[in-house]
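Student: Have a look at the structure that comes next, please.
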Amino acid sequence: MIDFSLSSDKPVLSDKFDILLQEIDALFDASKGDLCGKMEYATDFERYLWNLNISTNTISNYVETIIKEKCDADGLTVTASTSIGYGTETDIILIDITISDETNTVDKHYRIG
């Protein structure tokens, strides 16, 4: 995560990719009620770990939708691909997010569970 500088006249983040990645990191790390002023800013991925009939496409669609609803993509294209690692004690969800525009592409990986 990139922190903002409190001592300078402008925020550290100026690149639209960095700004969106910061928002996505906060979205994935937050639970409902964690962020003051954005009480509904959170994801609910844990429910997918216990659903035996869920498809990876459903999770990927949820990720893309929640990013579009909660984050400022500012003309960037966001796609998600998901895989599920089935374990003996608990499963994990692996989420690969690709953010792109006409000239650049950035990949970010998340693990839930």
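Quick note on naming: the chains in the structure tokens go A, B, ... in the order shown, residues restart at 1 in each chain, and ligands are numbered from 1 in order of appearance.
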Which residues, written as a list in words, have at least one atom at most 12 Å from stretch 87-91 of chain A, with only C-alpha atoms counted and residues fewer than 3 positions away on the same chain left out?
Tutor: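 What passes the distance filter is Phe45, Glu46, Arg47, Tyr48, Leu49, Trp50, Asn51, Leu52, Ser83, Ile84, Leu94, Arg111, Ile112 and Gly113 of chain A.
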Student: Mind checking which residues fall within 12 Å of A:Ile99, counting only C-alpha atoms, ignoring those fewer than 3 positions away in the same chain, and posting them as a list of chain:residue names?
Tutor: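 Neighbouring residues, sequence-local ones excluded: A:Lys16, A:Phe17, A:Asp18, A:Ile19, A:Leu20, A:Leu21, A:Ile24, A:Glu64, A:Ile67, A:Lys68, A:Ala73, A:Asp74, A:Gly75, A:Leu76, A:Thr77, A:Val78, A:Thr79, A:Ala80, A:Ser81, A:Asp96, A:Glu102, A:Thr103, A:Asn104, A:Thr105, A:Val106, A:Asp107, A:Lys108, A:His109.
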Student: Just want the 12 Å neighbourhood of A:Asp44, counted on only C-alpha atoms, with same-chain residues fewer than 6 positions away dropped. Output as a list in words.
Tutor: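 The residues that qualify are Leu27, Phe28, Asp29, Ala30, Ser31, Lys32, Trp50, Ile59, Tyr62, Val63, Ile66, Ile112 and Gly113 of chain A.
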Student: For the selection you just gave me, I'd like the residues written to a file as an mmCIF file, in the first residue's frame, keeping C-alpha atoms.
Tutor:
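Written file, out_5.cif:
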```cif
data_model
loop_
_atom_site.group_PDB
_atom_site.id
_atom_site.type_symbol
_atom_site.label_atom_id
_atom_site.label_comp_id
_atom_site.auth_asym_id
_atom_site.auth_seq_id
_atom_site.Cartn_x
_atom_site.Cartn_y
_atom_site.Cartn_z
ATOM 1 C CA LEU A 27 -11.394 -2.512 -0.726
ATOM 2 C CA PHE A 28 -9.866 -5.974 -0.305
ATOM 3 C CA ASP A 29 -8.477 -5.228 3.173
ATOM 4 C CA ALA A 30 -11.564 -3.547 4.641
ATOM 5 C CA SER A 31 -14.544 -5.033 6.386
ATOM 6 C CA LYS A 32 -17.849 -3.187 6.501
ATOM 7 C CA TRP A 50 -18.156 -21.754 2.101
ATOM 8 C CA ILE A 59 -16.469 -14.603 -8.331
ATOM 9 C CA TYR A 62 -18.387 -9.985 -8.506
ATOM 10 C CA VAL A 63 -14.827 -8.614 -8.303
ATOM 11 C CA ILE A 66 -17.546 -4.221 -6.973
ATOM 12 C CA ILE A 112 -8.617 -14.757 0.127
ATOM 13 C CA GLY A 113 -8.758 -17.388 2.842
#
```
Student: If I take atom CA of A:Asp101 and atom CA of A:Ser55, how far is one from the other in Å, to one decimal?
Tutor: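 Rounded to one decimal, the two atoms are 27.9 Å apart.
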Student: Taking the DSSP secondary structure from the backbone, can you list the residues of stretch 13-110 of chain A that are strand (DSSP E or B), as a list in words?
Tutor: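 Residues of stretch 13-110 of chain A classed as strand (DSSP E or B): Thr77, Val78, Thr79, Ala80, Ser81, Thr82, Ser83, Ile84, Gly85, Ile92, Ile93, Leu94, Ile95, Asp96, Ile97, Thr98, Ile99, Ser100, Thr105, Val106, Asp107, Lys108, His109 and Tyr110 of chain A.
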